[in-house]
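The next block is start.csv, given as CSV, C-alpha atoms and all ligand atoms.
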```csv
chain,number,residue,atom,x,y,z
Y,112,MET,CA,99.8,96.6,82.0
Y,113,SER,CA,102.9,98.1,83.6
Y,114,HIS,CA,102.8,100.3,86.7
Y,115,VAL,CA,102.6,104.0,86.0
Y,116,PRO,CA,102.7,106.3,89.1
Y,117,VAL,CA,99.4,108.1,89.4
Y,118,LEU,CA,99.2,111.9,89.4
Y,119,LEU,CA,103.0,112.2,89.3
Y,120,ASN,CA,103.3,115.8,88.2
Y,121,GLU,CA,100.6,116.8,90.7
Y,122,VAL,CA,102.4,115.0,93.5
Y,123,LEU,CA,105.7,116.7,92.7
Y,124,ALA,CA,103.9,120.1,92.6
Y,125,ALA,CA,102.2,119.5,95.9
Y,126,LEU,CA,105.3,118.1,97.7
Y,127,ALA,CA,107.7,120.6,96.1
Y,128,PRO,CA,110.9,118.5,96.9
Y,129,LYS,CA,114.0,120.5,97.7
Y,130,ALA,CA,117.7,119.3,97.6
Y,131,GLY,CA,118.8,117.7,100.9
Y,132,GLU,CA,115.3,117.0,102.2
Y,133,THR,CA,113.9,113.7,103.6
Y,134,TYR,CA,111.0,112.0,101.8
Y,135,ALA,CA,109.1,109.1,103.4
Y,136,ASP,CA,107.1,107.0,100.9
Y,137,CYS,CA,104.5,105.1,103.0
Y,138,THR,CA,103.5,102.9,100.0
Y,139,ALA,CA,106.7,102.5,98.0
Y,140,GLY,CA,105.1,100.1,95.6
Y,141,LEU,CA,107.3,99.9,92.5
Y,142,GLY,CA,109.2,103.0,93.4
Y,143,GLY,CA,107.6,105.3,90.7
Y,144,HIS,CA,106.9,108.3,92.9
Y,145,ALA,CA,110.0,107.8,95.0
Y,146,CYS,CA,112.3,107.8,92.0
Y,147,ALA,CA,110.8,111.0,90.7
Y,148,VAL,CA,111.2,112.7,94.1
Y,149,ALA,CA,114.8,111.4,94.4
Y,150,LYS,CA,115.6,112.8,91.0
Y,151,ARG,CA,113.9,116.1,91.8
Y,152,MET,CA,115.8,116.4,95.1
Y,153,GLY,CA,119.2,115.5,93.6
Y,154,HIS,CA,120.5,114.6,97.0
Y,155,GLY,CA,118.7,113.8,100.3
Y,156,THR,CA,117.2,110.9,102.1
Y,157,ILE,CA,114.5,108.6,100.8
Y,158,VAL,CA,112.6,106.3,103.3
Y,159,LEU,CA,110.8,103.5,101.6
Y,160,ASN,CA,108.0,101.6,103.4
Y,161,ASP,CA,105.7,98.9,102.1
Y,162,VAL,CA,103.9,95.9,103.6
Y,163,ASP,CA,104.7,93.8,100.6
Y,164,PRO,CA,108.4,92.7,100.8
Y,165,ALA,CA,108.6,92.0,97.1
Y,166,ASN,CA,107.4,95.4,96.1
Y,167,LEU,CA,109.7,97.0,98.7
Y,168,GLU,CA,112.7,95.3,97.2
Y,169,ARG,CA,111.7,96.5,93.7
Y,170,ALA,CA,111.2,100.1,95.0
Y,171,ALA,CA,114.6,100.0,96.8
Y,172,GLY,CA,116.4,98.8,93.6
Y,173,ALA,CA,114.6,101.4,91.5
Y,174,VAL,CA,115.5,104.3,93.9
Y,175,ARG,CA,119.2,103.2,94.2
Y,176,GLY,CA,119.3,103.2,90.4
Y,177,ALA,CA,117.8,106.6,90.3
Y,178,TRP,CA,120.3,108.0,92.8
Y,179,LYS,CA,123.2,106.4,90.8
Y,180,THR,CA,122.1,108.1,87.5
Y,181,ASP,CA,121.5,111.4,89.3
Y,182,GLN,CA,124.0,114.1,88.3
Y,183,GLY,CA,125.5,116.4,90.8
Y,184,PRO,CA,126.7,119.9,90.0
Y,185,GLU,CA,130.1,118.5,88.8
Y,186,GLY,CA,128.8,115.5,86.9
Y,187,PRO,CA,127.5,112.0,87.8
Y,188,GLY,CA,127.8,110.9,91.4
Y,189,THR,CA,129.3,114.1,92.6
Y,190,HIS,CA,126.7,114.5,95.4
Y,191,GLY,CA,128.7,111.8,97.1
Y,192,LEU,CA,127.3,108.6,98.5
Y,193,GLU,CA,126.7,109.9,101.9
Y,194,ALA,CA,124.3,112.5,100.5
Y,195,HIS,CA,122.1,109.7,98.9
Y,196,ALA,CA,120.5,107.8,101.8
Y,197,THR,CA,117.9,105.2,101.2
Y,198,VAL,CA,116.2,103.7,104.3
Y,199,VAL,CA,114.0,100.6,103.8
Y,200,VAL,CA,111.3,99.8,106.3
Y,201,ARG,CA,108.9,96.8,105.8
Y,202,GLY,CA,105.6,97.3,107.6
Y,203,ASN,CA,102.3,98.9,107.8
Y,204,PHE,CA,102.5,102.7,107.3
Y,205,ALA,CA,100.4,103.2,110.4
Y,206,GLU,CA,103.6,102.1,112.2
Y,207,LEU,CA,106.0,104.1,110.1
Y,208,PRO,CA,105.9,107.3,112.3
Y,209,HIS,CA,107.0,105.2,115.3
Y,210,VAL,CA,109.9,103.8,113.3
Y,211,LEU,CA,111.0,107.2,112.1
Y,212,ARG,CA,110.9,108.6,115.6
Y,213,GLU,CA,112.9,105.6,116.9
Y,214,ARG,CA,115.5,106.2,114.3
Y,215,GLY,CA,115.6,109.9,114.8
Y,216,ILE,CA,114.5,110.6,111.2
Y,217,CYS,CA,112.5,113.8,110.6
Y,218,ALA,CA,110.6,113.8,107.3
Y,219,ASN,CA,110.0,116.9,105.2
Y,220,MET,CA,107.6,115.0,102.8
Y,221,ILE,CA,105.2,112.1,103.2
Y,222,LEU,CA,103.3,110.3,100.5
Y,223,ALA,CA,100.8,107.5,100.8
Y,224,ASP,CA,99.5,106.3,97.5
Y,225,LEU,CA,96.8,104.0,98.8
Y,226,GLY,CA,95.6,100.5,97.8
Y,227,PHE,CA,97.4,98.0,95.5
Y,228,ALA,CA,100.0,98.3,92.8
Y,229,SER,CA,99.4,97.0,89.3
Y,230,ASN,CA,101.7,94.1,89.7
Y,231,GLN,CA,99.7,92.9,92.7
Y,232,ILE,CA,96.4,92.9,91.0
Y,233,GLU,CA,97.8,91.4,87.8
Y,234,ASP,CA,99.3,88.4,89.8
Y,235,ALA,CA,96.5,85.8,89.9
Y,236,SER,CA,98.2,84.0,92.8
Y,237,ARG,CA,97.5,87.1,95.0
Y,238,GLY,CA,93.8,86.7,94.5
Y,239,PHE,CA,92.9,90.4,94.2
Y,240,SER,CA,91.0,90.2,90.9
Y,241,PHE,CA,88.0,88.3,89.7
Y,242,GLN,CA,89.2,88.7,86.2
Y,243,ARG,CA,92.1,86.3,86.9
Y,244,ASP,CA,91.2,83.0,88.6
Y,245,GLY,CA,93.3,82.4,91.7
Y,246,PRO,CA,93.2,81.5,95.4
Y,247,LEU,CA,91.1,83.8,97.5
Y,248,ASP,CA,93.9,85.6,99.3
Y,249,MET,CA,93.9,89.5,98.8
Y,250,ARG,CA,96.6,90.1,101.5
Y,251,LEU,CA,98.9,93.1,100.7
Y,252,ASP,CA,101.0,91.9,103.6
Y,253,PRO,CA,101.6,88.2,103.0
Y,254,THR,CA,102.4,87.7,106.7
Y,255,LEU,CA,98.9,88.6,107.8
Y,256,PRO,CA,97.2,85.6,109.6
Y,257,MET,CA,93.8,86.0,107.9
Y,258,HIS,CA,93.3,86.0,104.1
Y,259,ALA,CA,90.1,86.6,102.1
Y,260,GLY,CA,89.3,82.9,102.0
Y,261,HIS,CA,89.2,82.8,105.8
Y,262,LEU,CA,87.0,85.8,106.0
Y,263,VAL,CA,84.5,84.7,103.3
Y,264,ASN,CA,84.2,81.2,104.7
Y,265,SER,CA,84.0,82.0,108.4
Y,266,ALA,CA,82.6,85.5,109.0
Y,267,PRO,CA,79.0,85.5,110.4
Y,268,GLU,CA,76.4,86.5,107.8
Y,269,ALA,CA,75.7,89.8,109.6
Y,270,GLU,CA,79.4,90.7,109.5
Y,271,LEU,CA,79.5,90.0,105.8
Y,272,VAL,CA,76.5,92.3,105.3
Y,273,ARG,CA,78.3,95.0,107.3
Y,274,ILE,CA,81.6,94.6,105.3
Y,275,LEU,CA,79.8,94.6,101.9
Y,276,THR,CA,77.6,97.6,102.9
Y,277,GLU,CA,80.3,99.7,104.5
Y,278,TYR,CA,83.3,99.0,102.4
Y,279,GLY,CA,81.7,98.1,99.1
Y,280,GLU,CA,78.6,100.5,99.3
Y,281,GLU,CA,76.8,97.4,98.0
Y,282,SER,CA,73.0,97.7,98.0
Y,283,GLY,CA,72.6,94.0,97.4
Y,284,ALA,CA,74.7,93.2,100.5
Y,285,ARG,CA,72.1,91.0,102.2
Y,286,ARG,CA,71.5,88.9,99.1
Y,287,ILE,CA,75.2,88.4,98.5
Y,288,ALA,CA,75.9,87.5,102.2
Y,289,ARG,CA,73.0,85.0,102.2
Y,290,LYS,CA,74.3,83.4,99.0
Y,291,LEU,CA,77.9,83.2,100.4
Y,292,VAL,CA,76.6,81.4,103.5
Y,293,ASP,CA,74.6,79.0,101.3
Y,294,VAL,CA,77.5,78.2,99.0
Y,295,ARG,CA,80.0,77.7,101.8
Y,296,SER,CA,77.7,75.4,103.7
Y,297,MET,CA,78.2,72.9,100.8
Y,298,LYS,CA,81.9,73.6,100.0
Y,299,PRO,CA,84.3,76.3,101.0
Y,300,ILE,CA,84.7,79.2,98.6
Y,301,ALA,CA,88.3,78.9,97.6
Y,302,THR,CA,88.9,80.9,94.5
Y,303,THR,CA,88.3,84.3,93.0
Y,304,SER,CA,86.1,82.9,90.3
Y,305,GLU,CA,84.0,81.0,92.9
Y,306,LEU,CA,83.5,84.2,94.9
Y,307,ALA,CA,82.6,86.2,91.7
Y,308,GLY,CA,80.2,83.4,90.6
Y,309,ALA,CA,78.4,83.5,94.0
Y,310,VAL,CA,78.0,87.3,93.7
Y,311,HIS,CA,76.7,87.0,90.1
Y,312,ALA,CA,74.2,84.3,91.2
Y,313,ALA,CA,73.0,86.4,94.2
Y,314,LEU,CA,72.4,89.5,92.1
Y,315,GLY,CA,71.2,87.7,89.0
Y,316,PHE,CA,74.0,89.2,86.9
Y,317,SER,CA,74.5,87.8,83.5
Y,318,GLY,CA,76.6,90.5,81.8
Y,319,GLY,CA,76.9,94.3,81.6
Y,320,PRO,CA,79.4,97.1,81.5
Y,321,ILE,CA,80.2,97.0,85.3
Y,322,ASP,CA,80.7,93.7,87.0
Y,323,PRO,CA,79.0,93.9,90.4
Y,324,ALA,CA,81.7,91.6,91.8
Y,325,THR,CA,83.9,94.8,91.7
Y,326,ARG,CA,82.2,96.1,94.8
Y,327,THR,CA,82.4,92.8,96.7
Y,328,PHE,CA,86.1,92.4,95.9
Y,329,GLN,CA,86.8,96.0,97.0
Y,330,ALA,CA,84.9,95.4,100.3
Y,331,ILE,CA,86.6,92.1,101.1
Y,332,ARG,CA,90.0,93.5,100.3
Y,333,ILE,CA,89.5,96.6,102.5
Y,334,ALA,CA,88.4,94.3,105.4
Y,335,VAL,CA,91.2,91.8,105.0
Y,336,ASN,CA,93.9,94.5,105.0
Y,337,ASP,CA,92.1,96.8,107.5
Y,338,GLU,CA,92.8,99.5,105.0
Y,339,LEU,CA,90.7,102.2,106.7
Y,340,GLY,CA,92.1,101.4,110.1
Y,341,SER,CA,95.7,101.8,108.7
Y,342,LEU,CA,94.8,105.1,107.1
Y,343,GLU,CA,93.1,106.4,110.3
Y,344,GLY,CA,96.2,105.3,112.3
Y,345,LEU,CA,98.6,107.3,110.0
Y,346,LEU,CA,96.3,110.4,109.9
Y,347,GLY,CA,96.0,110.3,113.7
Y,348,LEU,CA,99.8,110.3,114.1
Y,349,VAL,CA,100.1,113.2,111.6
Y,350,GLU,CA,97.6,115.2,113.7
Y,351,GLN,CA,99.5,114.3,116.8
Y,352,ALA,CA,102.8,115.4,115.3
Y,353,CYS,CA,101.1,118.8,114.4
Y,354,GLY,CA,100.3,119.2,118.0
Y,355,GLU,CA,103.9,118.5,119.0
Y,356,LEU,CA,105.2,121.0,116.4
Y,357,ALA,CA,102.7,123.6,117.6
Y,358,ALA,CA,104.0,123.1,121.1
Y,359,GLY,CA,107.6,123.7,119.9
Y,360,ARG,CA,108.6,120.1,120.3
Y,361,ALA,CA,110.6,118.1,117.7
Y,362,THR,CA,108.9,115.1,116.2
Y,363,TRP,CA,109.1,112.7,113.2
Y,364,LEU,CA,107.7,115.5,110.9
Y,365,ALA,CA,109.9,118.5,110.2
Y,366,LYS,CA,108.5,122.0,110.5
Y,367,GLY,CA,106.6,122.8,107.3
Y,368,ALA,CA,106.5,119.2,106.2
Y,369,ARG,CA,104.1,118.4,103.3
Y,370,VAL,CA,101.9,115.3,103.7
Y,371,ALA,CA,100.2,114.0,100.5
Y,372,ILE,CA,97.7,111.2,100.2
Y,373,ILE,CA,96.2,109.7,97.0
Y,374,SER,CA,93.0,107.9,97.7
Y,375,PHE,CA,90.9,105.7,95.4
Y,376,HIS,CA,87.4,105.7,96.9
Y,377,SER,CA,85.2,108.0,98.9
Y,378,LEU,CA,85.6,106.1,102.2
Y,379,GLU,CA,89.4,106.9,102.2
Y,380,ASP,CA,89.0,110.4,100.7
Y,381,ARG,CA,86.5,111.3,103.5
Y,382,LEU,CA,89.0,110.4,106.2
Y,383,VAL,CA,91.8,112.4,104.5
Y,384,LYS,CA,89.6,115.4,103.8
Y,385,GLN,CA,88.4,115.6,107.5
Y,386,ALA,CA,91.9,115.1,109.0
Y,387,PHE,CA,93.6,117.7,106.7
Y,388,GLY,CA,90.7,120.1,107.2
Y,389,ARG,CA,91.1,119.8,111.0
Y,390,ILE,CA,94.9,120.4,110.7
Y,391,GLY,CA,94.5,123.4,108.4
Y,392,LYS,CA,92.0,125.0,110.8
Y,393,GLN,CA,93.4,124.1,114.2
Y,394,TYR,CA,97.0,125.0,113.4
Y,395,ALA,CA,96.5,127.9,110.9
Y,396,LYS,CA,98.2,130.4,113.2
Y,397,GLN,CA,101.2,128.1,113.4
Y,398,GLY,CA,101.5,128.0,109.6
Y,399,ALA,CA,99.6,124.8,108.8
Y,400,LYS,CA,97.7,125.0,105.5
Y,401,GLU,CA,95.8,122.8,103.1
Y,402,VAL,CA,98.0,122.8,100.0
Y,403,THR,CA,95.1,121.4,98.0
Y,404,LYS,CA,91.8,123.1,99.0
Y,405,HIS,CA,90.0,120.7,96.7
Y,406,PRO,CA,91.1,117.2,95.7
Y,407,VAL,CA,93.4,117.1,92.7
Y,408,THR,CA,92.3,114.6,90.0
Y,409,ALA,CA,94.0,113.3,86.9
Y,410,SER,CA,94.2,115.4,83.7
Y,411,GLU,CA,92.5,114.4,80.5
Y,412,ALA,CA,95.9,113.4,79.2
Y,413,GLU,CA,96.7,111.1,82.1
Y,414,LEU,CA,93.2,109.6,81.9
Y,415,GLY,CA,93.9,108.7,78.3
Y,416,TRP,CA,96.9,106.4,79.2
Y,417,ASN,CA,96.5,105.6,82.9
Y,418,PRO,CA,93.1,104.0,83.6
Y,419,ARG,CA,94.0,103.6,87.3
Y,420,ALA,CA,94.0,107.4,87.6
Y,421,ARG,CA,90.2,107.5,87.0
Y,422,SER,CA,89.3,107.4,90.6
Y,423,ALA,CA,92.5,108.9,92.1
Y,424,LYS,CA,92.2,112.0,94.4
Y,425,LEU,CA,95.2,113.8,95.8
Y,426,ARG,CA,95.1,115.9,98.9
Y,427,CYS,CA,98.1,117.6,100.6
Y,428,VAL,CA,98.5,119.5,103.8
Y,429,ARG,CA,101.5,121.5,105.0
Y,430,VAL,CA,102.0,121.1,108.8
Y,431,CYS,CA,103.0,123.8,111.2
Y,432,GLY,CA,106.2,125.7,111.1
Y,501,LIG,C1,99.4,102.1,94.6
Y,501,LIG,S1,100.8,101.2,95.1
Y,501,LIG,C2,102.0,102.4,95.3
Y,501,LIG,C3,102.8,102.7,94.0
Y,501,LIG,C4,103.9,103.7,94.2
Y,501,LIG,N1,103.4,105.0,94.6
Y,501,LIG,C5,104.7,103.8,92.9
Y,501,LIG,O1,104.8,104.9,92.4
Y,501,LIG,O2,105.3,102.8,92.5
Y,501,LIG,C6,100.4,100.8,96.7
Y,501,LIG,C7,101.4,100.1,97.5
Y,501,LIG,O3,101.1,100.3,98.9
Y,501,LIG,C8,101.3,99.1,99.6
Y,501,LIG,N2,100.4,99.3,100.8
Y,501,LIG,C9,99.1,99.3,100.8
Y,501,LIG,N3,98.6,99.5,102.1
Y,501,LIG,C10,99.7,99.6,102.9
Y,501,LIG,C11,99.9,99.9,104.3
Y,501,LIG,N4,98.9,100.0,105.1
Y,501,LIG,N5,101.2,100.0,104.7
Y,501,LIG,C12,102.3,99.8,103.9
Y,501,LIG,N6,102.1,99.6,102.5
Y,501,LIG,C13,100.9,99.5,102.0
Y,501,LIG,C14,101.0,98.0,98.7
Y,501,LIG,O4,101.6,96.8,99.0
Y,501,LIG,C15,101.5,98.6,97.3
Y,501,LIG,O5,102.8,98.1,97.1
```
Is it possible to give me this structure as structure tokens?
Amino acid sequence: MSHVPVLLNEVLAALAPKAGETYADCTAGLGGHACAVAKRMGHGTIVLNDVDPANLERAAGAVRGAWKTDQGPEGPGTHGLEAHATVVVRGNFAELPHVLRERGICANMILADLGFASNQIEDASRGFSFQRDGPLDMRLDPTLPMHAGHLVNSAPEAELVRILTEYGEESGARRIARKLVDVRSMKPIATTSELAGAVHAALGFSGGPIDPATRTFQAIRIAVNDELGSLEGLLGLVEQACGELAAGRATWLAKGARVAIISFHSLEDRLVKQAFGRIGKQYAKQGAKEVTKHPVTASEAELGWNPRARSAKLRCVRVCG
């Protein structure tokens, strides 16, 4: 399956890119959203950020290609090279606002399309999927010191229960954690199929439409990558920037910047909903506004060809100014 940007038209409608603006893509991935924004802007600045260096490189290549094929008012390339800036930043998006501030970049649009890209889940060596046997890794950032194998084989049983309950909303968390501790006491759990097998054994699963290992894999992935912590970090800095704008100070977000986030499960969506709700209320007098009052979900047409869009929810807020 190739990567198709989720909710693309909806993202473009929410961000409403204008020529000459600066777009910061927190999760560049394969560059799908970024290329579409680049084309819509015609000229401007694109900041690409990702924790995965391989994806970041692919996104940067794709965006540079999109700029090259972009046509200015007098034909191809007439916007001039200096008008097509691509800035590449490898790292966690919770750090991106600091990088933008240090470099004096002020963003008009921010997008975070959370989670993993199709090429990451399809690569068995990354260990994200129980449908492909591979090493138990699950790191989006390959430089992280702890991978899923470390976590599953060393976390105390109570911590495993917490992770499975909080991040996987798994009602059988206790049974699974007990089984993992039993299995690892004989031999470390080293592969995705060993982990899935332990979950199946713990829950007595022998087939059915939804594999219960889905919830365990989600939970372990969220824990390994501290996905909720990163999101909270980014949202906190967006709220802080709103405070700065309301006080008339310049920051890494431009006045009237649009911040859009696509989430894939309720834990993420709740954080986004609460933060954007607070911004919309607290800074209403200074012009802040929730662009999406309710989360935007995929159209029937997109659901037909993009299975990943099933659980996607887009929210967007316009900051003060
Ligand atoms: C769903 S994909 C993004 C796809 C992208 N919007 C596109 O159109 O091609 C998610 C990407 O975000 C990256 N990612 C996930 N969490 C991140 C974080 N906290 N900081 C930076 N990048 C992250 C992943 O490595 C992955 O490449």
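Candidate residues Y:Lys179, Y:Arg369, Y:Lys129, Y:His195 were compared for distance to Gly155 (chain Y), and the nearest is Y:His195, using only C-alpha atoms.
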Which residues are near Ala139 (chain Y)? Cut-off 6 Å, all atoms listed in the file, ignore same chain within fewer than 2 positions. Put them as a VMD selection string.
chain Y and resid 136 142 159 to 161 170
Any idea what's packed within 8 Å of Phe204 (chain Y), counting all atoms listed in the file, ignoring anything in its chain fewer than 6 positions away? Could you give it as number ranges by chain?
Y: 137-138, 160-162, 341, 345
Write out as a list in words the residues lying within 7 Å of Tyr134 (chain Y), counting all atoms listed in the file and excluding same-chain residues fewer than 4 positions away.
Thr156, Ile157, Val158, Ala218, Asn219, Met220 and Ile221 of chain Y
Counting all atoms listed in the file, what are the residues of chain Y within 9 Å of ligand LIG 501 (chain Y), and for each of them which pair of atoms is the nearest and at what distance in Å, to one decimal? Sort the table by chain and rising number, as a tab-separated table.
```
residue	atom	partner	partner_atom	distance
Y:His114	CA	Y:LIG501	O2	6.8
Y:Val115	CA	Y:LIG501	O1	6.8
Y:Pro116	CA	Y:LIG501	O1	4.2
Y:Val117	CA	Y:LIG501	O1	7.0
Y:Leu119	CA	Y:LIG501	O1	8.1
Y:Asp136	CA	Y:LIG501	N1	7.6
Y:Cys137	CA	Y:LIG501	C12	5.8
Y:Thr138	CA	Y:LIG501	O3	3.7
Y:Ala139	CA	Y:LIG501	C4	4.9
Y:Gly140	CA	Y:LIG501	O5	3.4
Y:Leu141	CA	Y:LIG501	O2	3.5
Y:Gly142	CA	Y:LIG501	O2	4.0
Y:Gly143	CA	Y:LIG501	O1	3.3
Y:His144	CA	Y:LIG501	O1	4.0
Y:Ala145	CA	Y:LIG501	O1	6.5
Y:Cys146	CA	Y:LIG501	O1	8.1
Y:Ala147	CA	Y:LIG501	O1	8.7
Y:Asn160	CA	Y:LIG501	C12	6.0
Y:Asp161	CA	Y:LIG501	N6	3.7
Y:Val162	CA	Y:LIG501	C12	4.2
Y:Asp163	CA	Y:LIG501	O4	4.6
Y:Pro164	CA	Y:LIG501	O4	8.1
Y:Ala165	CA	Y:LIG501	O5	8.4
Y:Asn166	CA	Y:LIG501	O5	5.4
Y:Leu167	CA	Y:LIG501	O5	7.2
Y:Ala170	CA	Y:LIG501	O2	7.0
Y:Arg201	CA	Y:LIG501	C12	7.5
Y:Gly202	CA	Y:LIG501	C12	5.6
Y:Asn203	CA	Y:LIG501	N5	3.5
Y:Phe204	CA	Y:LIG501	N5	4.0
Y:Ala205	CA	Y:LIG501	N4	6.4
Y:Glu206	CA	Y:LIG501	N5	8.1
Y:Leu207	CA	Y:LIG501	N5	8.3
Y:Leu222	CA	Y:LIG501	N1	7.9
Y:Ala223	CA	Y:LIG501	N1	7.2
Y:Asp224	CA	Y:LIG501	N1	5.0
Y:Leu225	CA	Y:LIG501	C6	5.3
Y:Gly226	CA	Y:LIG501	C9	4.8
Y:Phe227	CA	Y:LIG501	C6	4.3
Y:Ala228	CA	Y:LIG501	S1	3.8
Y:Ser229	CA	Y:LIG501	S1	7.3
Y:Asn230	CA	Y:LIG501	O5	8.5
Y:Gln231	CA	Y:LIG501	O5	7.5
Y:Arg250	CA	Y:LIG501	O4	8.7
Y:Leu251	CA	Y:LIG501	O4	4.9
Y:Asp252	CA	Y:LIG501	O4	6.7
Y:Asn336	CA	Y:LIG501	N4	7.4
Y:Asp337	CA	Y:LIG501	N4	7.9
Y:Glu338	CA	Y:LIG501	N4	6.1
Y:Leu339	CA	Y:LIG501	N4	8.6
Y:Gly340	CA	Y:LIG501	N4	8.6
Y:Ser341	CA	Y:LIG501	N4	5.1
Y:Leu342	CA	Y:LIG501	N4	6.8
Y:Leu345	CA	Y:LIG501	N4	8.8
Y:Ile373	CA	Y:LIG501	C1	8.6
```
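In this comparison, which uses only C-alpha atoms, the residue of Y:Ile321, Y:Ala307, Y:Cys431, Y:Leu314 approaching Ala358 (chain Y) most closely is Y:Cys431.
Each of Y:Thr325, Y:Glu277, Y:Val122, Y:Gln351 was compared to Val402 (chain Y) using all atoms listed in the file, and Y:Val122 turns out to be the nearest.
Coordinates place CA of Ala266 (chain Y) at a distance of 17.7 Å from CA of Pro246 (chain Y).
The space separating CA of Gln242 (chain Y) from CA of Ser317 (chain Y) comes to 15.0 Å.
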Quick one: pull the distance between CA of Leu247 (chain Y) and CA of Gly318 (chain Y), Å, one decimal.
22.4 Å
I'd like the contact shell of region 406-422 of chain Y - 6 Å cut-off, only C-alpha atoms, skipping same-chain residues fewer than 2 positions apart - returned as a CSV table (one decimal) with C-alpha atoms, in the frame of the given file.
```csv
chain,number,residue,atom,x,y,z
Y,117,VAL,CA,99.4,108.1,89.4
Y,118,LEU,CA,99.2,111.9,89.4
Y,375,PHE,CA,90.9,105.7,95.4
Y,424,LYS,CA,92.2,112.0,94.4
Y,425,LEU,CA,95.2,113.8,95.8
Y,426,ARG,CA,95.1,115.9,98.9
```
Shell of 12 Å around Ala235 (chain Y), all atoms listed in the file, local chain residues under 2 positions omitted, as number ranges by chain
Y: 229-233, 237-249, 302-304
Could you save those same residues with C-alpha atoms as a PDB file, keeping the file's coordinate frame?
```
ATOM      1  CA  SER Y 229      99.400  97.000  89.300  1.00  0.00           C
ATOM      2  CA  ASN Y 230     101.700  94.100  89.700  1.00  0.00           C
ATOM      3  CA  GLN Y 231      99.700  92.900  92.700  1.00  0.00           C
ATOM      4  CA  ILE Y 232      96.400  92.900  91.000  1.00  0.00           C
ATOM      5  CA  GLU Y 233      97.800  91.400  87.800  1.00  0.00           C
ATOM      6  CA  ARG Y 237      97.500  87.100  95.000  1.00  0.00           C
ATOM      7  CA  GLY Y 238      93.800  86.700  94.500  1.00  0.00           C
ATOM      8  CA  PHE Y 239      92.900  90.400  94.200  1.00  0.00           C
ATOM      9  CA  SER Y 240      91.000  90.200  90.900  1.00  0.00           C
ATOM     10  CA  PHE Y 241      88.000  88.300  89.700  1.00  0.00           C
ATOM     11  CA  GLN Y 242      89.200  88.700  86.200  1.00  0.00           C
ATOM     12  CA  ARG Y 243      92.100  86.300  86.900  1.00  0.00           C
ATOM     13  CA  ASP Y 244      91.200  83.000  88.600  1.00  0.00           C
ATOM     14  CA  GLY Y 245      93.300  82.400  91.700  1.00  0.00           C
ATOM     15  CA  PRO Y 246      93.200  81.500  95.400  1.00  0.00           C
ATOM     16  CA  LEU Y 247      91.100  83.800  97.500  1.00  0.00           C
ATOM     17  CA  ASP Y 248      93.900  85.600  99.300  1.00  0.00           C
ATOM     18  CA  MET Y 249      93.900  89.500  98.800  1.00  0.00           C
ATOM     19  CA  THR Y 302      88.900  80.900  94.500  1.00  0.00           C
ATOM     20  CA  THR Y 303      88.300  84.300  93.000  1.00  0.00           C
ATOM     21  CA  SER Y 304      86.100  82.900  90.300  1.00  0.00           C
TER      22      SER Y 304
END
```
Region 118-129 of chain Y written out with N, CA and C atoms as a tab-separated table (two decimals), in the first residue's frame:
```tsv
chain	number	residue	atom	x	y	z
Y	118	LEU	N	-7.03	13.07	4.75
Y	118	LEU	CA	-7.85	14.29	4.85
Y	118	LEU	C	-7.20	15.48	4.13
Y	119	LEU	N	-6.63	15.22	2.96
Y	119	LEU	CA	-5.85	16.27	2.27
Y	119	LEU	C	-6.69	17.52	1.96
Y	120	ASN	N	-7.84	17.33	1.33
Y	120	ASN	CA	-8.66	18.51	0.98
Y	120	ASN	C	-9.11	19.26	2.22
Y	121	GLU	N	-9.41	18.48	3.27
Y	121	GLU	CA	-9.88	19.09	4.52
Y	121	GLU	C	-8.75	19.88	5.17
Y	122	VAL	N	-7.53	19.37	5.10
Y	122	VAL	CA	-6.37	20.08	5.66
Y	122	VAL	C	-6.16	21.39	4.90
Y	123	LEU	N	-6.24	21.32	3.57
Y	123	LEU	CA	-6.03	22.53	2.76
Y	123	LEU	C	-7.12	23.57	3.07
Y	124	ALA	N	-8.34	23.09	3.24
Y	124	ALA	CA	-9.44	24.03	3.55
Y	124	ALA	C	-9.22	24.68	4.91
Y	125	ALA	N	-8.77	23.90	5.88
Y	125	ALA	CA	-8.58	24.44	7.24
Y	125	ALA	C	-7.38	25.38	7.30
Y	126	LEU	N	-6.28	25.02	6.65
Y	126	LEU	CA	-5.07	25.85	6.73
Y	126	LEU	C	-5.14	27.06	5.81
Y	127	ALA	N	-5.91	26.95	4.74
Y	127	ALA	CA	-6.06	28.04	3.76
Y	127	ALA	C	-4.73	28.70	3.42
Y	128	PRO	N	-3.79	27.96	2.79
Y	128	PRO	CA	-2.45	28.51	2.50
Y	128	PRO	C	-2.53	29.69	1.53
Y	129	LYS	N	-1.68	30.68	1.80
Y	129	LYS	CA	-1.61	31.85	0.89
Y	129	LYS	C	-0.19	32.02	0.40
```
